[in-house]
Each structure stands twice: as structure tokens, then as C-alpha cells.
Amino acid sequence: MAVDGKPFLDPVETRLFSRGSGPLLKLVRGEGIYVWDEAGNRYIDGSSGPICVNIGYGVREVWDAALKQLERLPFAHSFHHAVEVVVKCAEKLAEFTPPSLTRVFFCCGGSEATESAAKMARQYHLERGEGSRYKVIARWQSYHGNTLGALSMSGNIQRRRLYTPMLLDFPHIPPAYCYRCWFGKTPESCDLECAWALETAIKAVGPEYVSAFIAEPVVGATLGTVPAPEDYFKIIREICDRYGVLFIADEVMTGFGRTGRRFALEHYGVEPDIMAVAKGLSSGYIPLGAAVASERVYEAFKSPFFHGHTYTGHPVACAVGLAVMEYIERHNLVERAAEMGRHLLRRLQDLYDYGIVGDVRGLGLFAGIEFVADRESKKPFPPEKRVHQRVYEACLRNGLLIYPGSGTVDGVRGDHIQVAPPLIVGHGEVDEIVDRLYKSIGEVKRELRG
Ligand SMILES: Cc1ncc(COP(=O)(O)O)c(C=O)c1O
């Protein structure tokens with residue numbers, strides 16, 4: 001089927017057990033920041049897929065690395081065997097992450113990474129003779145993945161709803177969401193109650209039961225790119241240390257240069273005990289994730305980590321991960337993201353021309369736009385208006401892919417989009433993205449008025 005000259009596939013007519021609710025745009029090729037559909041239409045990938053194709057499409061060094069490893073040895077079981085490229089990828093990742101993080105556990109994606117981190121934290125406490133600690137405290141309006149353990153940590157109400165009876169009873173505290181502060185504070189009156197809420201939660205649960213706290217340094221898909229206030233993570237770190245709780249940073253979306261630093265937590269001058277990474281680690285070329293632990297965590301283990309999968313430390317995935325990290329370094333993509341991110345955020349201020357744009361925010365090449373029915377009161381649109389989806393569709397018509405989301409306000413109401421092009425994006429291309437976005441939002445505004 002074709003809509004506006006664009007080729008779509010209705011998954012109902014295939015053997016796919018579809019995850020979406022509508023037709024899918026048929027893509028066939030990618031190069032740089034662009035992808036093409038089957039009819040030859042070109043799109044700017046303004047969100048790097050779901051914020052993962054950080055180095056852009058068509059990087060030859062990455063295919064070469066994958067092919068070389070496929071040819072040599074496509075698989076070896078990490079429980080019994082060592083493959084050089086896996087060891088090298090771990091070495092590179094430990095070098096890439098903050099200095100205190102030294103030990104790498106590989107897996108296949110973000111959900112496995114956060115879940116592995118949670119299990120690592122649990123075993124860490126057991127090894128230290130504190131076997132009562134198992135609860136992971138997380139935040140509402142967060143996302144840490146969709147497997148049951150990861151979803152139990154996630155505070156994304158829509159994604160949890162169907163599976164609530166199956167989830168673990170993990171506590172959640174309010175998010176650090178300044179545009180709609182849960183404590184009714186303004187930047188002037190802010191005393192970081194959102195951070196101190198962690199201490200309240202630890203005391204309420206009983207520190208002897210709390211294993212870890214997990215947070216995204218910049219909340220991604222659920223809130224639409226919300227950076228934490230400046231001192232937030234310093235307080236979090238202090239509270240975790242005071243109560244013997246491990247701090248897990250979920251850098252699945254924010255890692256590998258996305259925010260203009262290698263990892264977003266670097267903006268806050270704090271290091272975690274365990275970091276969950278995925279997406280940008282392989283730039284979407286292959287499934288790969290990791291939980292990277294500090295030496296202190298690792299040293300507590302007197303017995304092996306009792307966890308793992310068939311594909312833990314997959315040689316081809318690690319060859320890709322290594323090639324991607326080398327590419328990021330060789331092309332100074334972290335510095336580039338910082339520079340282009342400043343330009344993107346500056347240019348996105350133009351969107352305030354439209355009253356339906358409530359907030360433009362972000363860090364590096366990681367931006368979010370929240371839509372409102374009324375800017376003064378910040379009232380959201382009724383969910384049935386599907387404003388995020390309308391913006392997505394308008395952008396698609398204008399040859400731009402962005403990442404839409406809903407439930408921004410309270411898990412149900414609210415609309416946002418994320419704009420996060422590959423880190424190789426140029427100055428003129430950033431302008432083009434913003435121009436297309438401007439046009440698309442204008443169209444949606446007229447549609448809503450109609
Ligand atoms: C912050 C964060 N953590 C975890 C995940 C889960 O990653 P995956 O979809 O690779 O399982 C995501 C996915 O969007 C994410 O954004």
C-alpha cells in the first residue's frame with residue numbers, strides 16, 4: 001500500500017507478530033544521516049532510529065569488522081571460551097567509560113543491561129553478607145527496558161500497565177522534571193526535594209532491603225529528554241553512599257557521545273557503581289549491550305556472577321562494538337555532538353513561535369519538545385488528539401524521522417517528540433532538520449485548529 005507516495009506494509013497481511021498498531025514504512029537503505037524507502041523517497045533520520053544509530057548509516061569499517069569476525073569465528077560460548085575481539089571490546093569499553101568503571105558484562109541490549117546490573121547489585125550485597133538487600137529503587141516516568149525485571153524498575157505507566165501483576169514490587173520516587181515539578185517548586189524555590197526523595201524512600205523501605213537506585217541521567221523516551229538539575233546526582237551519590245546502596249546509571253540512550261560528553265553523567269561530576277549501556281555501543285548495527293561495574297563492585301565477588309545468556313559476549317557483536325567506539329574516537333564525534341547540539345538547541349528555540357510548543361529542552365544532540373494545549377497553564381492536549389503521532393506523521397510527509405512519545409505529564413496525558421540525529425550531522429543538516437520540523441509543527445497546529 002502507498003500513502004502520499006510512500007510505501008507502507010500492513011503487518012496484518014504478513015506473518016509478523018506486530019508490535020505497533022499501524023502500517024510500517026518500508027525502508028531499504030541508509031547512508032550517513034539519511035534513509036530511503038522502497039519508492040526512493042529520502043528521509044533525514046532526525047532521531048537516529050530510537051536514538052541508537054549514533055555514527056549514522058553505511059560505515060564501512062563496521063561492516064568490515066563484522067564480516068571479518070563472521071568469517072573467522074561467528075560464535076563461541078563465553079562460559080567456556082575466550083575470543084580476542086571480546087576481550088578487546090571490553091578493554092575499549094572500560095577505557096571509554098568513567099575511570100572507576102573497569103569490569104564489563106556483555107549482553108544483547110538495554111533491557112538485558114539494566115536487568116544484569118540489578119542482578120549484579122543483588123549478588124554484590126549477598127557476597128558482602130547483606131543478603132536481605134534486593135530492592136531496586138527507581139523513578140516514575142522512567143524507562144529501563146521491557147523484560148519483566150527491567151519493566152519492574154521502569155516507571156513508564158503505559159508500558160507497565162498490562163503486566164503489572166507480573167512485576168516485582170520495586171519502589172519508585174518522583175522524577176526530576178523541572179517543567180512540571182512534582183513538588184510544586186520553581187527554579188527559584190527548588191531545594192532538590194526530588195533528589196532527597198530517595199533518602200525518604202530508602203528509610204521507608206528499610207536500608208537493609210535496598211540494593212540499588214537506578215536512573216537515566218537525562219530521561220529519554222518517557223519524558224522526552226529531560227536533563228536532571230545541576231546538583232541532583234551529587235545528592236543521589238551522597239545518599240547511596242550513606243546507605244550502602246549501589247547507584248546504577250542507565251546510559252542506554254544517553255551514552256557514547258549523545259549528550260556531548262562520552263556519558264551524560266559526566267555533566268554532573270559523578271560516577272556510578274554500575275553503568276548500563278547499549279544502543280550507541282553498536283550504533284544499532286547489531287544487538288549489543290553491557291553492564292559495566294566498578295572495581296569495588298567486582299572485587300566483592302568471591303564467586304562468579306551467577307548470570308548470563310547464550311549470546312553474552314558474542315564475538316561478532318563485540319567486533320561491531322569495538323569498531324563503533326574506535327570510529328567515535330577517530331572522528332571526534334563526542335566533541336562534534338557538543339558543538340552541533342548547541343546549534344540544534346539554539347535553532348529549536350524558533351519552535352516557540354507556535355503556542356503549542358510548551359518546552360524545548362536537551363543536552364548535546366539530544367533534544368526534546370513538549371506540546372501543550374495552552375502554554376500559560378501548561379495544560380496538555382487530550383490524549384485522543386494524538387498530537388505526538390500527528391507531529392510524527394507530518395514530519396514523515398516532510399521527509400524527516402523523529403521519535404514521538406506520549407504520557408509526558410503523568411503517564412497518560414501529554415505529548416512530546418525527541419530530536420537526536422546521528423552525531424555526524426553537519427551544521428546545514430541541523431538547519432534542515434529544524435526547518436522541516438518547523439513546517440511540520442505548523443501543519444499540525446493548523447490541523448488542530450481545523
Ligand atoms: C534508558 C533506556 N534504558 C533501557 C532501554 C531498553 O533498551 P532495549 O530496547 O535495547 O532493550 C531503553 C530503550 O529505549 C532506554 O531508553
# chains A, B, ... in the order shown; residues from 1 in each chain; ligands from 1

call {"tool": "select_by_dssp", "arguments": {"residues": "region 177-321 of chain A", "states": "strand (DSSP E)", "output": "list in words"}}
result
Val210, Ser211, Ala212, Phe213, Ile214, Ala215, Val218, Val219, Val226, Pro227, Leu246, Phe247, Ile248, Ala249, Asp250, Ile274, Met275, Ala276, Val277, Gly289, Ala290, Ala291, Val292, Ala293 and Ser294 of chain A

call {"tool": "residues_around", "arguments": {"residues": "region 252-264 of chain A", "least_positions_apart": "6", "cutoff": "8 Å", "atoms": "only C-alpha atoms", "output": "NGL selection string"}}
result
:A and (51-52 or 54 or 96-97 or 110 or 216-218 or 220 or 276-281 or 325 or 328 or 333-339 or 341 or 363-366 or 420 or 423)

call {"tool": "write_last_selection", "arguments": {"atoms": "N, CA and C atoms", "output": "tab-separated table (two decimals), in the first residue's frame"}}
result
chain	number	residue	atom	x	y	z
A	51	ILE	N	17.03	6.55	18.81
A	51	ILE	CA	18.22	7.17	19.42
A	51	ILE	C	19.31	6.12	19.66
A	52	CYS	N	19.68	5.49	18.55
A	52	CYS	CA	20.74	4.49	18.69
A	52	CYS	C	21.78	4.52	17.56
A	54	ASN	N	24.09	6.19	16.39
A	54	ASN	CA	24.88	7.39	16.69
A	54	ASN	C	25.89	7.75	15.61
A	96	PHE	N	36.52	3.64	27.64
A	96	PHE	CA	35.56	4.65	27.18
A	96	PHE	C	34.72	5.20	28.33
A	97	THR	N	34.37	4.32	29.27
A	97	THR	CA	33.50	4.71	30.40
A	97	THR	C	34.34	5.42	31.47
A	110	GLY	N	19.53	-3.04	25.83
A	110	GLY	CA	19.35	-2.20	27.01
A	110	GLY	C	18.61	-2.87	28.14
A	216	GLU	N	18.06	7.30	34.72
A	216	GLU	CA	18.63	7.82	33.46
A	216	GLU	C	19.12	9.24	33.76
A	217	PRO	N	20.37	9.57	33.47
A	217	PRO	CA	20.87	10.93	33.74
A	217	PRO	C	20.06	12.00	33.01
A	218	VAL	N	19.63	11.67	31.80
A	218	VAL	CA	18.67	12.54	31.08
A	218	VAL	C	17.53	11.60	30.70
A	220	GLY	N	14.86	9.80	28.86
A	220	GLY	CA	14.67	9.74	27.41
A	220	GLY	C	13.23	9.60	26.97
A	276	ALA	N	24.67	0.89	32.82
A	276	ALA	CA	24.04	0.05	31.78
A	276	ALA	C	24.16	0.79	30.46
A	277	VAL	N	24.69	0.11	29.45
A	277	VAL	CA	24.84	0.72	28.13
A	277	VAL	C	24.31	-0.22	27.06
A	278	ALA	N	23.93	0.34	25.92
A	278	ALA	CA	23.50	-0.45	24.75
A	278	ALA	C	23.44	0.50	23.56
A	279	LYS	N	22.36	0.50	22.83
A	279	LYS	CA	22.12	1.38	21.68
A	279	LYS	C	23.40	1.89	20.98
A	280	GLY	N	23.93	3.04	21.43
A	280	GLY	CA	25.08	3.67	20.77
A	280	GLY	C	26.35	2.83	20.81
A	281	LEU	N	26.41	1.84	21.69
A	281	LEU	CA	27.60	0.99	21.78
A	281	LEU	C	27.85	0.29	20.45
A	325	MET	N	33.19	2.17	18.68
A	325	MET	CA	33.88	3.05	19.65
A	325	MET	C	35.12	3.67	19.01
A	328	ILE	N	33.98	6.49	16.75
A	328	ILE	CA	33.59	7.68	17.53
A	328	ILE	C	34.83	8.47	17.91
A	333	LEU	N	33.56	12.39	17.53
A	333	LEU	CA	32.11	12.59	17.47
A	333	LEU	C	31.52	13.11	18.78
A	334	VAL	N	32.23	12.91	19.88
A	334	VAL	CA	31.71	13.42	21.15
A	334	VAL	C	31.77	14.95	21.14
A	335	GLU	N	32.92	15.46	20.71
A	335	GLU	CA	33.10	16.92	20.64
A	335	GLU	C	32.13	17.50	19.61
A	336	ARG	N	31.97	16.77	18.51
A	336	ARG	CA	31.06	17.23	17.45
A	336	ARG	C	29.62	17.31	17.97
A	337	ALA	N	29.25	16.31	18.76
A	337	ALA	CA	27.87	16.30	19.31
A	337	ALA	C	27.66	17.51	20.22
A	338	ALA	N	28.70	17.87	20.98
A	338	ALA	CA	28.58	19.03	21.87
A	338	ALA	C	28.36	20.29	21.03
A	339	GLU	N	29.15	20.43	19.96
A	339	GLU	CA	29.07	21.64	19.14
A	339	GLU	C	27.75	21.69	18.36
A	341	GLY	N	25.10	20.07	19.00
A	341	GLY	CA	23.99	20.10	19.96
A	341	GLY	C	23.67	21.52	20.38
A	363	LEU	N	20.30	18.27	25.92
A	363	LEU	CA	21.72	18.30	26.26
A	363	LEU	C	22.46	17.65	25.10
A	364	GLY	N	23.38	18.39	24.48
A	364	GLY	CA	24.08	17.85	23.32
A	364	GLY	C	23.11	17.63	22.16
A	365	LEU	N	23.36	16.56	21.42
A	365	LEU	CA	22.47	16.25	20.28
A	365	LEU	C	21.30	15.39	20.74
A	366	PHE	N	20.70	15.79	21.83
A	366	PHE	CA	19.63	15.03	22.47
A	366	PHE	C	18.60	16.05	22.94
A	420	ALA	N	17.17	13.76	17.79
A	420	ALA	CA	18.52	13.31	18.15
A	420	ALA	C	19.19	12.69	16.92
A	423	LEU	N	25.43	11.56	15.32
A	423	LEU	CA	26.43	12.54	15.79
A	423	LEU	C	27.29	13.09	14.66

call {"tool": "residues_around", "arguments": {"residues": "Arg72 (chain A)", "least_positions_apart": "3", "cutoff": "12 Å", "atoms": "only C-alpha atoms", "output": "tab-separated table (two decimals) with C-alpha atoms, in the first residue's frame"}}
result
chain	number	residue	atom	x	y	z
A	65	ALA	CA	34.84	-5.70	11.34
A	66	ALA	CA	31.62	-7.75	11.45
A	67	LEU	CA	32.42	-9.67	8.26
A	68	LYS	CA	35.96	-10.43	9.38
A	69	GLN	CA	34.68	-11.92	12.63
A	75	PHE	CA	30.29	-17.74	17.84
A	76	ALA	CA	31.93	-19.05	20.98
A	83	VAL	CA	37.75	-14.76	21.87
A	84	GLU	CA	40.25	-11.95	21.45
A	85	VAL	CA	37.81	-9.43	19.98
A	315	PRO	CA	32.18	-12.19	19.02
A	316	VAL	CA	30.52	-10.53	16.01
A	319	ALA	CA	33.68	-6.73	16.81

call {"tool": "closest_residue", "arguments": {"among": "A:Lys119, A:His314, A:Arg397, A:His307", "to": "Leu246 (chain A)", "atoms": "only C-alpha atoms"}}
result
A:Lys119

call {"tool": "residues_around", "arguments": {"residues": "Ala176 (chain A)", "least_positions_apart": "5", "cutoff": "12 Å", "atoms": "only C-alpha atoms", "output": "PyMOL selection string"}}
result
chain A and resi 138-142+181-185+187+190-198+215-219+223+225-233+236

call {"tool": "write_last_selection", "arguments": {"atoms": "N, CA and C atoms", "output": "compact mmCIF listing (two decimals), in the first residue's frame"}}
result
# COMPACT_ATOMS: atom_id res chain seq x y z
N ALA A 138 13.62 3.01 41.79
CA ALA A 138 13.72 3.71 40.50
C ALA A 138 12.82 4.94 40.57
N ARG A 139 12.57 5.54 39.42
CA ARG A 139 11.75 6.76 39.42
C ARG A 139 10.52 6.58 38.53
N TRP A 140 9.45 7.24 38.87
CA TRP A 140 8.31 7.29 37.95
C TRP A 140 8.74 8.03 36.70
N GLN A 141 8.05 7.78 35.61
CA GLN A 141 8.33 8.44 34.33
C GLN A 141 9.75 8.15 33.83
N SER A 142 10.17 6.90 34.06
CA SER A 142 11.49 6.48 33.57
C SER A 142 11.30 5.26 32.68
N CYS A 181 7.31 20.33 37.95
CA CYS A 181 7.87 19.83 39.21
C CYS A 181 6.79 19.13 40.06
N TRP A 182 7.07 17.90 40.46
CA TRP A 182 6.10 17.13 41.25
C TRP A 182 5.95 17.71 42.66
N PHE A 183 6.88 18.60 43.04
CA PHE A 183 6.82 19.18 44.38
C PHE A 183 6.33 20.63 44.33
N GLY A 184 5.87 21.02 43.16
CA GLY A 184 5.29 22.37 43.01
C GLY A 184 6.33 23.48 43.11
N LYS A 185 7.62 23.15 42.93
CA LYS A 185 8.66 24.17 43.09
C LYS A 185 8.97 24.84 41.74
N PRO A 187 12.30 27.05 39.66
CA PRO A 187 13.77 27.05 39.75
C PRO A 187 14.26 27.91 40.92
N CYS A 190 13.53 25.91 44.23
CA CYS A 190 13.95 24.50 44.19
C CYS A 190 14.97 24.17 45.29
N ASP A 191 14.68 23.14 46.08
CA ASP A 191 15.68 22.67 47.04
C ASP A 191 15.97 21.18 46.81
N LEU A 192 15.75 20.77 45.57
CA LEU A 192 16.05 19.41 45.12
C LEU A 192 15.37 18.33 45.97
N GLU A 193 14.14 18.63 46.30
CA GLU A 193 13.34 17.63 47.03
C GLU A 193 13.26 16.31 46.26
N CYS A 194 13.30 16.43 44.93
CA CYS A 194 13.20 15.21 44.09
C CYS A 194 14.39 14.29 44.36
N ALA A 195 15.56 14.86 44.67
CA ALA A 195 16.72 14.02 44.98
C ALA A 195 16.61 13.47 46.40
N TRP A 196 16.20 14.34 47.34
CA TRP A 196 16.09 13.90 48.74
C TRP A 196 14.99 12.85 48.92
N ALA A 197 14.07 12.78 47.94
CA ALA A 197 13.01 11.75 47.99
C ALA A 197 13.61 10.35 48.02
N LEU A 198 14.84 10.22 47.50
CA LEU A 198 15.49 8.91 47.53
C LEU A 198 15.77 8.50 48.98
N ALA A 215 18.74 5.23 37.60
CA ALA A 215 18.18 6.44 36.97
C ALA A 215 18.84 6.69 35.63
N GLU A 216 18.06 7.30 34.72
CA GLU A 216 18.63 7.82 33.46
C GLU A 216 19.12 9.24 33.76
N PRO A 217 20.37 9.57 33.47
CA PRO A 217 20.87 10.93 33.74
C PRO A 217 20.06 12.00 33.01
N VAL A 218 19.63 11.67 31.80
CA VAL A 218 18.67 12.54 31.08
C VAL A 218 17.53 11.60 30.70
N VAL A 219 16.33 11.88 31.21
CA VAL A 219 15.23 10.93 30.97
C VAL A 219 14.86 10.98 29.49
N LEU A 223 9.86 10.83 29.20
CA LEU A 223 9.60 12.26 29.47
C LEU A 223 9.96 13.15 28.28
N THR A 225 13.37 13.66 26.84
CA THR A 225 14.67 14.33 27.00
C THR A 225 14.65 15.38 28.11
N VAL A 226 14.67 14.93 29.33
CA VAL A 226 14.68 15.85 30.47
C VAL A 226 15.98 15.68 31.28
N PRO A 227 16.89 16.65 31.16
CA PRO A 227 18.12 16.58 31.96
C PRO A 227 17.80 16.84 33.43
N ALA A 228 18.60 16.27 34.32
CA ALA A 228 18.40 16.50 35.75
C ALA A 228 18.97 17.87 36.12
N PRO A 229 18.47 18.47 37.22
CA PRO A 229 19.07 19.73 37.69
C PRO A 229 20.53 19.51 38.10
N GLU A 230 21.28 20.60 38.12
CA GLU A 230 22.74 20.53 38.24
C GLU A 230 23.26 19.65 39.39
N ASP A 231 22.73 19.85 40.60
CA ASP A 231 23.30 19.13 41.75
C ASP A 231 22.57 17.82 42.07
N TYR A 232 21.61 17.47 41.25
CA TYR A 232 20.77 16.30 41.54
C TYR A 232 21.59 15.03 41.80
N PHE A 233 22.49 14.72 40.89
CA PHE A 233 23.20 13.43 41.02
C PHE A 233 24.29 13.45 42.10
N ILE A 236 22.25 12.39 44.96
CA ILE A 236 21.93 10.96 44.80
C ILE A 236 23.14 10.11 45.21

call {"tool": "residues_around", "arguments": {"residues": "region 29-42 of chain A", "least_positions_apart": "3", "cutoff": "6 Å", "atoms": "only C-alpha atoms", "output": "PyMOL selection string"}}
result
chain A and resi 26+45+56-58

call {"tool": "residues_around", "arguments": {"residues": "His343 (chain A)", "least_positions_apart": "3", "cutoff": "8 Å", "atoms": "only C-alpha atoms", "output": "PyMOL selection string"}}
result
chain A and resi 339-340+346-347+427+430

call {"tool": "write_last_selection", "arguments": {"atoms": "C-alpha atoms", "output": "mmCIF file, in the first residue's frame"}}
result
data_model
loop_
_atom_site.group_PDB
_atom_site.id
_atom_site.type_symbol
_atom_site.label_atom_id
_atom_site.label_comp_id
_atom_site.auth_asym_id
_atom_site.auth_seq_id
_atom_site.Cartn_x
_atom_site.Cartn_y
_atom_site.Cartn_z
ATOM 1 C CA GLU A 339 29.068 21.641 19.137
ATOM 2 C CA MET A 340 26.182 20.565 16.895
ATOM 3 C CA ARG A 346 19.660 27.259 19.695
ATOM 4 C CA ARG A 347 17.762 26.703 16.450
ATOM 5 C CA HIS A 427 25.584 22.490 10.598
ATOM 6 C CA VAL A 430 20.779 20.626 11.611
#

call {"tool": "closest_residue", "arguments": {"among": "A:Gly426, A:Gly411, A:Gly49, A:Gly355", "to": "ligand 1", "atoms": "only C-alpha atoms and all ligand atoms"}}
result
A:Gly49

call {"tool": "select_by_dssp", "arguments": {"residues": "region 221-369 of chain A", "states": "alpha helix (DSSP H)", "output": "ChimeraX atom specification"}}
result
/A:232-242,295-300,315-330,333-348

call {"tool": "closest_residue", "arguments": {"among": "A:Ile44, A:Leu167, A:Ile55, A:Cys108", "to": "Ser154 (chain A)", "atoms": "only C-alpha atoms"}}
result
A:Leu167

call {"tool": "residues_around", "arguments": {"residues": "Ile356 (chain A)", "least_positions_apart": "4", "cutoff": "8 Å", "atoms": "only C-alpha atoms", "output": "PyMOL selection string"}}
result
chain A and resi 371-375+445

call {"tool": "write_last_selection", "arguments": {"atoms": "C-alpha atoms", "output": "PDB file, in the first residue's frame"}}
result
ATOM      1  CA  PHE A 371       3.489  20.062  23.348  1.00  0.00           C
ATOM      2  CA  VAL A 372       0.730  21.825  25.266  1.00  0.00           C
ATOM      3  CA  ALA A 373      -2.800  22.980  24.509  1.00  0.00           C
ATOM      4  CA  ASP A 374      -2.060  26.173  26.446  1.00  0.00           C
ATOM      5  CA  ARG A 375       1.433  27.479  27.162  1.00  0.00           C
ATOM      6  CA  LYS A 445      -1.196  23.399  14.533  1.00  0.00           C
TER       7      LYS A 445
END

call {"tool": "atom_distance", "arguments": {"atom1": "CA of Glu188 (chain A)", "atom2": "CA of Gln349 (chain A)"}}
result
22.3 Å

call {"tool": "closest_residue", "arguments": {"among": "A:Leu73, A:Ala221, A:Leu448, A:Met1", "to": "ligand 1", "atoms": "only C-alpha atoms and all ligand atoms"}}
result
A:Ala221

call {"tool": "decode", "arguments": {"residues": "region 251-267 of chain A", "atoms": "N, CA and C atoms", "output": "short mmCIF file (atom, residue, chain, number, x, y, z; two decimals), in the first residue's frame"}}
result
data_model
loop_
_atom_site.label_atom_id
_atom_site.label_comp_id
_atom_site.auth_asym_id
_atom_site.auth_seq_id
_atom_site.Cartn_x
_atom_site.Cartn_y
_atom_site.Cartn_z
N GLU A 251 22.59 4.50 31.03
CA GLU A 251 23.07 5.36 29.94
C GLU A 251 22.78 4.70 28.59
N VAL A 252 21.73 3.88 28.56
CA VAL A 252 21.41 3.17 27.32
C VAL A 252 21.14 4.16 26.18
N MET A 253 20.39 5.22 26.48
CA MET A 253 20.06 6.19 25.44
C MET A 253 21.06 7.35 25.40
N THR A 254 21.67 7.65 26.53
CA THR A 254 22.49 8.87 26.63
C THR A 254 23.97 8.64 26.38
N GLY A 255 24.37 7.38 26.23
CA GLY A 255 25.80 7.07 26.15
C GLY A 255 26.46 7.33 24.81
N PHE A 256 27.76 7.20 24.81
CA PHE A 256 28.58 7.23 23.59
C PHE A 256 28.47 8.54 22.83
N GLY A 257 28.52 9.64 23.59
CA GLY A 257 28.63 10.96 22.97
C GLY A 257 27.31 11.67 22.74
N ARG A 258 26.22 11.01 22.91
CA ARG A 258 24.91 11.59 22.57
C ARG A 258 24.70 12.98 23.17
N THR A 259 25.13 13.17 24.44
CA THR A 259 24.85 14.45 25.11
C THR A 259 26.02 15.43 25.04
N GLY A 260 27.02 15.10 24.23
CA GLY A 260 28.17 16.00 24.13
C GLY A 260 29.29 15.64 25.10
N ARG A 261 29.10 14.64 25.89
CA ARG A 261 30.15 14.01 26.70
C ARG A 261 30.05 12.52 26.39
N ARG A 262 31.11 11.78 26.74
CA ARG A 262 31.02 10.34 26.45
C ARG A 262 29.76 9.76 27.08
N PHE A 263 29.55 10.10 28.36
CA PHE A 263 28.35 9.65 29.06
C PHE A 263 27.73 10.85 29.77
N ALA A 264 26.40 10.84 29.85
CA ALA A 264 25.69 12.03 30.33
C ALA A 264 26.03 12.36 31.79
N LEU A 265 26.32 11.32 32.58
CA LEU A 265 26.60 11.57 34.00
C LEU A 265 27.84 12.44 34.19
N GLU A 266 28.72 12.46 33.18
CA GLU A 266 29.92 13.30 33.27
C GLU A 266 29.55 14.78 33.42
N HIS A 267 28.41 15.19 32.88
CA HIS A 267 27.97 16.58 33.04
C HIS A 267 27.75 16.91 34.52
#
